[in-house]
Structure formats: structure tokens, C-alpha cells
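Quick look at entry12.txt (compact mmCIF, C-alpha atoms):
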# COMPACT_ATOMS: atom_id res chain seq x y z
CA MET A 1 -24.82 -4.80 -13.09
CA VAL A 2 -28.30 -4.78 -11.57
CA GLU A 3 -30.30 -4.23 -14.80
CA TRP A 4 -29.65 -5.32 -18.38
CA THR A 5 -31.68 -4.48 -21.51
CA ARG A 6 -30.56 -5.79 -24.91
CA LEU A 7 -30.73 -3.14 -27.66
CA GLU A 8 -31.71 -5.28 -30.62
CA PRO A 9 -30.48 -6.05 -33.23
CA TRP A 10 -27.00 -4.96 -32.14
CA ARG A 11 -24.56 -6.70 -29.80
CA VAL A 12 -25.21 -3.93 -27.32
CA ALA A 13 -27.11 -3.61 -24.04
CA ARG A 14 -27.98 -0.74 -21.75
CA ALA A 15 -27.16 -1.68 -18.18
CA ARG A 16 -27.37 -0.07 -14.76
CA THR A 17 -24.65 -0.46 -12.19
CA ASP A 18 -25.18 -0.97 -8.48
CA ARG A 19 -24.33 2.75 -8.13
CA GLY A 20 -27.25 3.71 -10.37
CA GLU A 21 -25.06 4.66 -13.35
CA SER A 22 -26.41 3.89 -16.84
CA VAL A 23 -23.77 2.39 -19.13
CA ILE A 24 -23.55 0.64 -22.49
CA VAL A 25 -22.13 -2.88 -22.69
CA LYS A 26 -20.86 -4.04 -26.07
CA TRP A 27 -19.56 -7.49 -26.88
CA ALA A 28 -17.77 -9.23 -29.73
CA GLY A 29 -19.64 -11.17 -32.37
CA PRO A 30 -19.60 -12.16 -36.05
CA HIS A 31 -19.65 -9.56 -38.83
CA PRO A 32 -20.27 -9.91 -42.60
CA ASP A 33 -16.76 -8.51 -43.24
CA ARG A 34 -14.76 -11.61 -42.40
CA ARG A 35 -11.37 -10.01 -43.02
CA TYR A 36 -11.22 -9.01 -39.37
CA SER A 37 -11.76 -11.20 -36.33
CA GLU A 38 -14.15 -10.38 -33.51
CA GLN A 39 -11.20 -9.74 -31.20
CA TRP A 40 -9.51 -7.44 -33.74
CA ARG A 41 -12.62 -5.28 -34.08
CA LEU A 42 -13.18 -4.92 -30.33
CA ARG A 43 -9.53 -4.08 -29.70
CA THR A 44 -9.66 -1.50 -32.47
CA GLU A 45 -12.71 0.16 -30.94
CA VAL A 46 -11.14 0.30 -27.48
CA ALA A 47 -7.88 1.71 -28.88
CA ALA A 48 -9.63 4.37 -30.98
CA LEU A 49 -11.95 5.55 -28.20
CA ARG A 50 -9.15 5.70 -25.62
CA PHE A 51 -6.96 7.51 -28.14
CA LEU A 52 -9.59 10.21 -28.60
CA ALA A 53 -10.50 10.62 -24.94
CA ASP A 54 -7.23 9.91 -23.15
CA ASP A 55 -4.52 10.88 -25.65
CA LEU A 56 -6.20 13.81 -27.40
CA GLY A 57 -8.67 14.83 -24.69
CA VAL A 58 -11.62 15.34 -27.05
CA ARG A 59 -15.30 14.48 -26.53
CA LEU A 60 -16.37 13.32 -29.98
CA ALA A 61 -17.29 9.73 -29.02
CA PRO A 62 -18.22 7.69 -25.95
CA ARG A 63 -15.57 7.09 -23.29
CA VAL A 64 -14.41 3.59 -22.47
CA LEU A 65 -15.23 2.93 -18.82
CA ALA A 66 -13.90 -0.63 -18.63
CA GLU A 67 -12.94 -3.50 -20.90
CA ASP A 68 -12.28 -7.22 -20.70
CA LEU A 69 -10.78 -8.06 -24.07
CA THR A 70 -10.27 -11.70 -23.16
CA ALA A 71 -14.00 -12.04 -22.49
CA GLY A 72 -14.80 -9.87 -25.50
CA GLN A 73 -16.68 -7.13 -23.65
CA VAL A 74 -16.34 -3.38 -23.27
CA VAL A 75 -18.29 -0.94 -21.07
CA LEU A 76 -18.92 2.47 -22.63
CA GLU A 77 -20.35 5.79 -21.59
CA ASP A 78 -24.11 5.94 -22.22
CA LEU A 79 -24.80 8.83 -24.59
CA ALA A 80 -28.59 8.78 -24.07
CA PRO A 81 -30.90 10.56 -24.61
CA ARG A 82 -29.13 11.05 -27.93
CA THR A 83 -30.51 8.94 -30.78
CA ALA A 84 -29.16 7.79 -34.14
CA LEU A 85 -29.54 10.39 -36.87
CA ASP A 86 -30.58 7.89 -39.53
CA GLY A 87 -33.72 6.99 -37.57
CA LEU A 88 -34.78 10.65 -37.44
CA LEU A 89 -34.18 11.04 -41.18
CA ARG A 90 -36.26 7.96 -41.95
CA ARG A 91 -39.08 9.13 -39.72
CA ASP A 92 -39.25 12.83 -40.55
CA GLY A 93 -37.20 13.42 -43.71
CA ALA A 94 -34.05 15.46 -44.17
CA ALA A 95 -35.76 18.86 -44.29
CA ALA A 96 -36.86 18.48 -40.67
CA HIS A 97 -33.32 17.83 -39.49
CA LEU A 98 -31.03 20.20 -41.36
CA ALA A 99 -29.40 21.31 -38.09
CA ARG A 100 -28.64 17.69 -37.19
CA LEU A 101 -27.31 16.92 -40.66
CA THR A 102 -25.09 19.98 -40.36
CA ALA A 103 -23.81 18.72 -37.02
CA PHE A 104 -23.19 15.33 -38.64
CA ALA A 105 -21.05 16.93 -41.35
CA ARG A 106 -19.22 19.11 -38.83
CA ILE A 107 -18.31 16.38 -36.36
CA ARG A 108 -16.96 14.18 -39.13
CA GLY A 109 -14.71 17.04 -40.21
CA GLU A 110 -13.73 17.73 -36.60
CA LEU A 111 -12.66 14.10 -36.15
CA GLY A 112 -10.26 14.54 -39.04
CA ALA A 113 -9.03 17.91 -37.85
CA VAL A 114 -8.13 16.81 -34.31
CA THR A 115 -6.49 13.52 -35.34
CA ALA A 116 -4.39 14.77 -38.29
CA GLY A 117 -0.70 14.33 -37.57
CA HIS A 118 -1.25 11.75 -34.82
CA ALA A 119 -1.17 8.48 -36.79
CA SER A 120 1.95 7.10 -35.09
CA ARG A 121 0.51 7.90 -31.67
CA TYR A 122 -2.67 5.96 -32.44
CA GLU A 123 -0.78 3.04 -33.96
CA ARG A 124 1.36 2.65 -30.84
CA ARG A 125 -1.78 2.43 -28.72
CA ARG A 126 -3.46 0.00 -31.11
CA ARG A 127 -0.40 -2.25 -31.50
CA ALA A 128 -0.20 -2.54 -27.72
CA LEU A 129 -3.48 -4.50 -27.95
CA GLY A 130 -2.45 -6.71 -30.87
CA PRO A 131 -0.99 -6.65 -34.38
CA ILE A 132 -2.43 -4.53 -37.20
CA ASP A 133 -1.62 -3.96 -40.86
CA ALA A 134 -1.75 -0.17 -41.13
CA ALA A 135 -0.96 -0.24 -44.87
CA ALA A 136 -3.92 -2.53 -45.62
CA ASP A 137 -6.22 -0.58 -43.29
CA LEU A 138 -5.27 2.64 -45.07
CA LEU A 139 -7.17 1.83 -48.27
CA GLY A 140 -10.21 0.24 -46.65
CA HIS A 141 -12.86 -0.63 -49.24
CA ALA A 142 -10.57 0.64 -52.03
CA ALA A 143 -8.02 -2.14 -51.37
CA PRO A 144 -9.72 -4.79 -53.56
CA ILE A 145 -9.89 -2.31 -56.45
CA ARG A 146 -6.17 -1.65 -56.23
CA ALA A 147 -5.47 -5.39 -55.96
CA SER A 148 -7.71 -6.78 -58.70
CA GLY A 149 -9.23 -3.90 -60.65
CA VAL A 150 -12.90 -3.69 -61.59
CA PRO A 151 -13.87 -7.00 -63.22
CA GLU A 152 -17.56 -6.04 -63.13
CA ALA A 153 -16.87 -3.39 -65.77
CA GLY A 154 -15.92 -6.07 -68.30
CA ARG A 155 -19.04 -7.99 -67.43
CA LEU A 156 -21.06 -4.88 -68.31
CA GLY A 157 -19.18 -4.37 -71.56
CA VAL A 158 -17.57 -1.15 -70.33
CA PRO A 159 -13.91 -2.10 -69.86
CA LEU A 160 -11.54 0.21 -68.07
CA ARG A 161 -8.88 1.53 -70.43
CA GLY A 162 -7.12 4.61 -71.75
CA GLY A 163 -7.56 7.87 -69.90
CA ALA A 164 -10.09 6.44 -67.44
CA GLU A 165 -7.65 3.71 -66.46
CA ARG A 166 -4.88 6.24 -65.88
CA GLU A 167 -7.19 8.46 -63.83
CA LEU A 168 -8.32 5.54 -61.66
CA ALA A 169 -4.66 4.85 -60.94
CA THR A 170 -4.26 8.52 -59.97
CA ALA A 171 -7.29 8.27 -57.68
CA LEU A 172 -6.00 5.15 -55.95
CA ASP A 173 -2.54 6.69 -55.56
CA GLU A 174 -4.15 9.68 -53.84
CA LEU A 175 -6.02 7.43 -51.40
CA ALA A 176 -2.91 5.33 -50.74
CA ASP A 177 -0.75 8.37 -50.00
CA PRO A 178 -2.95 10.97 -48.27
CA GLY A 179 -0.10 13.13 -47.00
CA PRO A 180 -1.60 15.81 -44.70
CA PHE A 181 -5.06 14.29 -45.20
CA LEU A 182 -4.16 11.19 -43.16
CA VAL A 183 -6.67 11.19 -40.28
CA LEU A 184 -8.60 8.81 -38.08
CA SER A 185 -11.88 7.47 -39.46
CA ASN A 186 -14.26 5.22 -37.58
CA GLY A 187 -14.49 3.17 -40.79
CA ASP A 188 -18.23 3.59 -41.31
CA PRO A 189 -19.06 7.31 -41.63
CA GLU A 190 -22.79 6.93 -42.25
CA ALA A 191 -25.70 8.63 -40.46
CA ASN A 192 -26.46 5.56 -38.33
CA ASN A 193 -23.16 6.06 -36.54
CA VAL A 194 -23.77 9.56 -35.22
CA LEU A 195 -25.98 10.18 -32.20
CA VAL A 196 -27.76 13.51 -31.78
CA HIS A 197 -30.28 15.15 -29.47
CA GLU A 198 -33.69 15.20 -31.10
CA ARG A 199 -34.51 18.57 -29.53
CA GLY A 200 -32.42 21.48 -28.32
CA PRO A 201 -28.65 21.65 -28.88
CA VAL A 202 -27.59 18.81 -31.15
CA ASP A 203 -24.34 17.94 -29.28
CA ALA A 204 -23.45 15.12 -31.68
CA ARG A 205 -21.24 12.11 -30.87
CA LEU A 206 -19.76 9.45 -33.16
CA ILE A 207 -20.08 5.74 -32.42
CA ASP A 208 -18.97 2.36 -33.78
CA PHE A 209 -15.18 2.43 -34.13
CA GLU A 210 -14.72 -1.31 -34.76
CA PHE A 211 -13.16 -0.61 -38.17
CA ALA A 212 -11.28 2.54 -37.17
CA ALA A 213 -8.01 3.33 -38.92
CA PHE A 214 -6.02 6.23 -40.24
CA ARG A 215 -7.15 6.83 -43.83
CA HIS A 216 -7.60 9.65 -46.30
CA ALA A 217 -9.89 12.25 -44.71
CA LEU A 218 -12.12 12.50 -47.77
CA HIS A 219 -13.42 8.95 -47.24
CA ASP A 220 -15.46 10.46 -44.40
CA ALA A 221 -16.95 13.11 -46.69
CA VAL A 222 -18.35 10.56 -49.15
CA PRO A 223 -21.76 10.09 -47.42
CA LEU A 224 -22.45 13.80 -47.93
CA HIS A 225 -22.17 13.42 -51.70
CA VAL A 226 -22.90 9.79 -52.63
CA PRO A 227 -25.62 7.52 -51.23
CA GLY A 228 -24.57 4.92 -48.69
CA PRO A 229 -26.27 1.53 -48.27
CA ALA A 230 -29.34 3.00 -46.52
CA TRP A 231 -30.23 5.75 -49.01
CA MET A 232 -31.35 6.18 -52.60
CA TRP A 233 -30.10 9.76 -52.90
CA VAL A 234 -28.45 12.19 -50.48
CA THR A 235 -27.90 15.51 -52.23
CA GLY A 236 -30.21 18.42 -52.91
CA ASP A 237 -30.23 22.21 -53.05
CA ALA A 238 -31.15 22.53 -49.37
CA LEU A 239 -28.28 20.22 -48.43
CA GLY A 240 -25.61 21.50 -50.79
CA GLU A 241 -23.86 23.26 -47.93
CA LEU A 242 -23.12 20.06 -45.99
CA GLY A 243 -19.98 19.29 -47.96
CA ASN A 244 -18.70 22.79 -47.23
CA VAL A 245 -19.46 22.36 -43.53
CA TYR A 246 -17.31 19.23 -43.49
CA ARG A 247 -14.54 20.95 -45.42
CA ARG A 248 -14.38 23.98 -43.11
CA ALA A 249 -14.28 21.76 -40.03
CA LEU A 250 -11.51 19.63 -41.52
CA ALA A 251 -9.50 22.71 -42.56
CA ALA A 252 -9.19 23.74 -38.91
CA GLY A 253 -6.63 20.94 -38.54
CA VAL A 254 -5.77 20.22 -42.18
CA PRO A 255 -5.26 23.62 -43.84
CA GLN A 256 -4.55 21.89 -47.16
CA ALA A 257 -8.32 21.32 -47.36
CA GLU A 258 -8.52 24.92 -48.58
CA ASP A 259 -6.63 23.94 -51.74
CA GLU A 260 -9.33 23.51 -54.42
CA ARG A 261 -7.32 21.17 -56.63
CA ARG A 262 -6.05 18.90 -53.85
CA TYR A 263 -9.38 18.73 -52.05
CA GLY A 264 -11.28 18.09 -55.28
CA LEU A 265 -8.95 15.28 -56.28
CA GLY A 266 -9.24 13.60 -52.89
CA LEU A 267 -13.02 13.91 -52.74
CA THR A 268 -13.48 12.61 -56.28
CA ALA A 269 -11.10 9.71 -55.62
CA ALA A 270 -12.95 8.72 -52.45
CA CYS A 271 -16.41 8.97 -54.06
CA VAL A 272 -15.41 6.94 -57.11
CA ALA A 273 -13.71 4.31 -54.94
CA TRP A 274 -16.91 3.95 -52.91
CA ALA A 275 -19.05 3.66 -56.05
CA LEU A 276 -16.77 0.99 -57.52
CA ALA A 277 -16.74 -0.90 -54.23
CA ARG A 278 -20.54 -0.95 -54.39
CA LEU A 279 -20.35 -2.18 -58.01
CA ARG A 280 -18.97 -5.43 -56.62
CA ARG A 281 -22.57 -6.22 -55.65
CA LEU A 282 -23.42 -6.69 -59.34
CA PRO A 283 -23.62 -10.54 -59.24
CA ALA A 284 -25.92 -10.44 -56.21
CA LEU A 285 -28.13 -7.71 -57.68
CA ASP A 286 -28.45 -9.67 -60.92
CA THR A 287 -30.25 -12.39 -58.95
CA ARG A 288 -32.73 -9.96 -57.36
CA PRO A 289 -36.27 -9.61 -58.73
CA ALA A 290 -37.19 -6.69 -60.96
CA GLY A 291 -37.90 -3.58 -58.95
CA ASP A 292 -35.36 -4.29 -56.23
CA ALA A 293 -34.30 -0.88 -54.93
CA GLY A 294 -30.65 -1.91 -54.71
CA ARG A 295 -30.41 -1.81 -58.50
CA ALA A 296 -31.54 1.80 -58.85
CA GLN A 297 -29.39 2.69 -55.86
CA LEU A 298 -26.27 1.35 -57.58
CA VAL A 299 -27.05 3.43 -60.67
CA ALA A 300 -27.53 6.48 -58.45
CA THR A 301 -24.24 5.81 -56.65
CA LEU A 302 -22.21 5.75 -59.86
CA GLU A 303 -23.94 8.85 -61.20
CA ALA A 304 -23.47 10.72 -57.91
CA ALA A 305 -19.75 9.95 -57.99
CA ALA A 306 -19.58 11.32 -61.54
CA ARG A 307 -21.47 14.46 -60.49
CA THR A 308 -19.02 14.99 -57.66
CA ALA A 309 -16.12 14.73 -60.10
CA ASP A 310 -17.78 17.32 -62.33
CA ALA A 311 -18.31 19.71 -59.42
CA CYS A 312 -14.67 19.29 -58.37
CA ARG A 313 -13.39 19.56 -61.95
CA ALA A 314 -11.34 16.45 -61.32
CA LEU A 315 -10.71 13.17 -63.17
CA PRO A 316 -13.14 13.85 -66.08
CA ARG A 317 -12.41 10.62 -67.96
CA LEU A 318 -13.02 8.56 -64.86
CA ALA A 319 -16.30 10.42 -64.33
CA GLY A 320 -17.32 9.66 -67.92
CA TRP A 321 -16.54 5.98 -67.41
CA CYS A 322 -18.71 5.91 -64.27
CA ARG A 323 -21.57 7.35 -66.32
CA HIS A 324 -21.07 4.66 -68.98
CA LEU A 325 -21.26 2.02 -66.24
CA ALA A 326 -24.50 3.56 -64.97
CA ASP A 327 -25.93 3.62 -68.51
CA ALA A 328 -25.02 -0.04 -68.96
CA LEU A 329 -26.84 -0.89 -65.73
CA ARG A 330 -29.93 0.98 -66.89
CA LEU A 331 -29.96 -1.12 -70.05
CA ARG A 332 -29.31 -4.31 -68.11
CA TRP A 333 -32.05 -3.54 -65.57
CA PRO A 334 -34.91 -1.55 -67.17
CA ASP A 335 -36.55 -1.43 -63.73
CA ALA A 336 -33.59 0.65 -62.52
CA ASP A 337 -33.98 3.31 -65.23
CA LEU A 338 -35.29 5.89 -62.76
CA ASP A 339 -34.56 9.55 -62.15
CA VAL A 340 -33.41 9.30 -58.54
CA THR A 341 -32.47 12.99 -58.55
CA ALA A 342 -36.21 13.69 -58.36
CA LEU A 343 -36.30 12.01 -54.94
CA ALA A 344 -36.04 13.95 -51.72
CA PRO A 345 -32.56 13.93 -50.15
CA TYR A 346 -32.01 10.99 -47.81
CA THR A 347 -34.84 8.98 -49.27
CA PRO A 348 -34.46 5.54 -47.63
CA ARG A 349 -33.76 2.49 -49.73
CA ARG A 350 -36.62 0.09 -49.33
CA PRO A 351 -35.97 -3.68 -49.35
Would you mind writing the structure in this file as C-alpha cells?
Amino acid sequence: MVEWTRLEPWRVARARTDRGESVIVKWAGPHPDRRYSEQWRLRTEVAALRFLADDLGVRLAPRVLAEDLTAGQVVLEDLAPRTALDGLLRRDGAAAHLARLTAFARIRGELGAVTAGHASRYERRRRALGPIDAAADLLGHAAPIRASGVPEAGRLGVPLRGGAERELATALDELADPGPFLVLSNGDPEANNVLVHERGPVDARLIDFEFAAFRHALHDAVPLHVPGPAWMWVTGDALGELGNVYRRALAAGVPQAEDERRYGLGLTAACVAWALARLRRLPALDTRPAGDAGRAQLVATLEAAARTADACRALPRLAGWCRHLADALRLRWPDADLDVTALAPYTPRRP
């Protein structure tokens, strides 16, 4: 390498080879999710990217040009001048980038469509680089809910019981046994992990496969319906089509996505699981000062999951319980009693 520029704050640098080729160098480092080692995450990324490019022959993500897993480094194709979609949304708002949001929804669905039915093929490639627990990886952020329930609900005085408890079990069973919906996810399907051209043809690419695994396809649709960590609200009339864009793209490889009942159950299950995973932040948010945006965001997340259930006509008791949780949070935090639906789609969460 003859040039090297660190791309803060990530463990990534843009480098130039002695042949004048621009490449991306990524290296291992600590992560807040301590369940997985630095070596595990880098091996997973290499396996997933080589699986897509070499085994399936698709161009949805950067190609791996070289790797030294012992040294904890990988050299990737440079996708510039593409830029992260979340930065454009923060700068200009969602209305200015509907075409790029549409491409975001489509490429996430395409990832599921092209990888459906190939789980064993990916696992062979990944196991060649080191051991994995495919069963644990399958549930992702829903695993702690299946293991220990939702203790935060009791703390809010809204215990899980009766019909809601049975429907949560149904939702977790759906996520644990996806059937034809078992596809590759990069593990973090948010807008910061898709690169797009700011002008001209969008030509989107997905990045950051450190937590890749085969999971239920509808996990990757959640950011189109429920706010992720960066946003206060993501839906709106102008953006209502994004979920359908994802669904049509997925159906090209998973025809069962056309089944209203099955798709609605999977989407509701994934959205509720995400909302309940975010509810685990309750103790930390309790310590925040009044007005902290994370509080209103958590309320919005639970209510968005309930709205998704309503739209899908799925798991109505579970949706009602999510609304009761949101109401309890509004009472607990008067500063979070806001109408986030009045916000523009993809309004950023401020610290």
C-alpha cells in the first residue's frame, strides 16, 4: 500500500496499492456486542462476502480481494463514489431520496431472494473458517426473549400473560422456524449499511456483514416499518410503498412471500421481536435526563410494531400488549408523551 487514509470512526481505511488501485482495508476490533469475538466477526464477514460473490455470483456487496485472518485484516473492493444512505437522509430528508430508499428496500429483498435455499452451502463455507452456532445465530436479537422472556414488562406493571403470552410464543416459533423464509441477512439491515450513488443510477450495495447469518427474511424488512436506533420514525404516506418493494423483491426467490397470512405473521413477529429487544434498554433510559430522545423513540418503536400487526391483521393480543407497554412508558416518562407520527419519516434521533 502506498497511501492510507483512516475513515473515522470505523475500523476502516481507504488505501491505494502500488498499481494505483483504490481498496478498502478493514480490521478486527472490539464491539459492544461481546457475544462474538473479533476473529468470529471478521471470519463471518469474509465467508458471507465470498459466498455472495464466488458461490452465488451476485454483486450485492463488496468483493473480498484478500484477507489475513490471523492478522485480523481484510481487503475489500472500494465501492466509492457511493455513500451511506443514512447520511443523505440526515442531510436532506427522506423526501429528497425516495429513489434511494426504494433501492434500499429492493436490495434487501434481493439479498433474501438470491440466498434462499442455500443455507447449508453458506454454513459449509463459514465452518471452514471456524466454528459457529447456526441455531443461536438464527434468532439473533430475539434469542434473549426466547431464553428469559420480557422482564421489563413486569417492571412497567404490564406483565405478559394470557393471549398475548401465547401470541408471543407463536411469534418466536415463527422466527425460530422460518421454513422457506430462511435467508442470509447481514445482521444489521439499517440505512447506514447500504451505499448508494448520490446522483444518477442508484446502484446500491450492502456492507457490514460481521454479524451475517441465515435468519428469517422478515428481520430485514423491520427497518422499513419500525424505527431503528438512528431514527425517531420511519413510516409515512410517501414511503408506504417501501414495504411492498421489499416484499416483491423477496418473492422473486421466496414465492411464499405472496401469502398474506404467512408474510403478515412473519413481519409482525420480526417487528415485535425488535421492539421488545429495544425495551431491554429500559434501565439505561431510566437514568437519562428528561427530554432524552431515546425515551420517545422507544415509545415510537413499540407503537410502530403494534401498527404493523394491525396492518397485517396478525397477533392482535400481542399488538395490544405492545400498546399497553407504550402507554406505561408515557406515564413513566411524561417527557416522552409525544406524537412522533407527526414527525417527518426518517427524522433522526438526536442525542
What are the closest atom pairs, with distances in Å to one decimal, for each residue of stretch 193-261 of chain A lying within 12 Å of stretch 117-133 of chain A, using only C-alpha atoms, rows by chain and rising residue number, as a Markdown table?
| residue | atom | partner | partner_atom | distance |
| --- | --- | --- | --- | --- |
| A:Glu210 | CA | A:Arg126 | CA | 11.9 |
| A:Phe211 | CA | A:Ile132 | CA | 11.5 |
| A:Ala212 | CA | A:Arg126 | CA | 10.2 |
| A:Ala213 | CA | A:Glu123 | CA | 8.8 |
| A:Phe214 | CA | A:Ala119 | CA | 6.4 |
| A:Arg215 | CA | A:Ala119 | CA | 9.4 |
| A:His216 | CA | A:Ala119 | CA | 11.5 |
| A:Ala217 | CA | A:Gly117 | CA | 11.8 |
| A:Gly253 | CA | A:Gly117 | CA | 8.9 |
| A:Val254 | CA | A:Gly117 | CA | 9.0 |
Radius query 12 Å about (-11.4, 11.1, -64.0), atoms used: all atoms listed in the file, as a PyMOL selection string: chain A and resi 160-172+264-273+305-323
Within-6 Å shell of (-26.2, -4.3, -16.0) in input frame, only C-alpha atoms, as a ChimeraX atom specification: /A:1-4,15-17
A:Val23 environment, 7 Å, all atoms listed in the file, sequence neighbours closer than 3 positions dropped, as a PyMOL selection string: chain A and resi 14-16+75-78
Nearest to A:Gly140, chosen from A:Leu175, A:Ala293, A:Ala48, A:Leu282, with all atoms listed in the file counted in the distances: A:Leu175
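Nearest to A:Pro227 of all the residues A:Arg349, A:Glu152, A:Ala143, A:Asp208 is A:Arg349, based on all atoms listed in the file.
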Nearby residues (all atoms listed in the file) at most 6 Å from stretch 339-345 of chain A, same-chain spacing under 2 positions excluded, as a list in words: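 What passes the distance filter is Trp233, Val234, Thr235, Gly236 and Thr347 of chain A.
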Within 12 Å of A:Arg90 using only C-alpha atoms, minus same-chain residues under 2 positions, as a list in words: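 Here the answer would be Ala84, Leu85, Asp86, Gly87, Leu88, Asp92, Gly93, Ala94, Ala95, Ala96, His97, Ala191, Asn192, Ala230, Trp231, Met232, Ala344, Pro345, Tyr346, Thr347, Pro348, Arg349 and Arg350 of chain A.
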Separation of atom CA of A:Arg295 from atom CA of A:Arg34, in Å and rounded to one decimal: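 Calculated distance between atom CA of A:Arg295 and atom CA of A:Arg34 is 24.5 Å.
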Distance in Å - atom CA of A:Ala136 versus atom CA of A:His31: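 Distance between the two atoms: 18.5 Å.
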Distance of atom CA of A:Asp203 from atom CA of A:Arg248, expressed in Å to one decimal place: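 Those two atoms sit 18.1 Å apart.
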Neighbour list for stretch 243-245 of chain A as a list in words, cut-off 8 Å, all atoms listed in the file, skip fewer than 2 positions in-chain: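 Within the cut-off, the hits are Thr102, Ala105, Arg106, Gly109, Ala221, Leu224, His225, Gly240, Glu241, Arg247, Arg248 and Ala249 of chain A.
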Produce the centre coordinates and the three edge lengths, each in Å to one decimal, of the box along x, y and z that contains all listed atoms of stretch 153-156 of chain A with 6 Å added on each side, as lines of an AutoDock Vina configuration file.
center_x = -18.5
center_y = -5.7
center_z = -67.0
size_x = 17.1
size_y = 16.6
size_z = 14.5
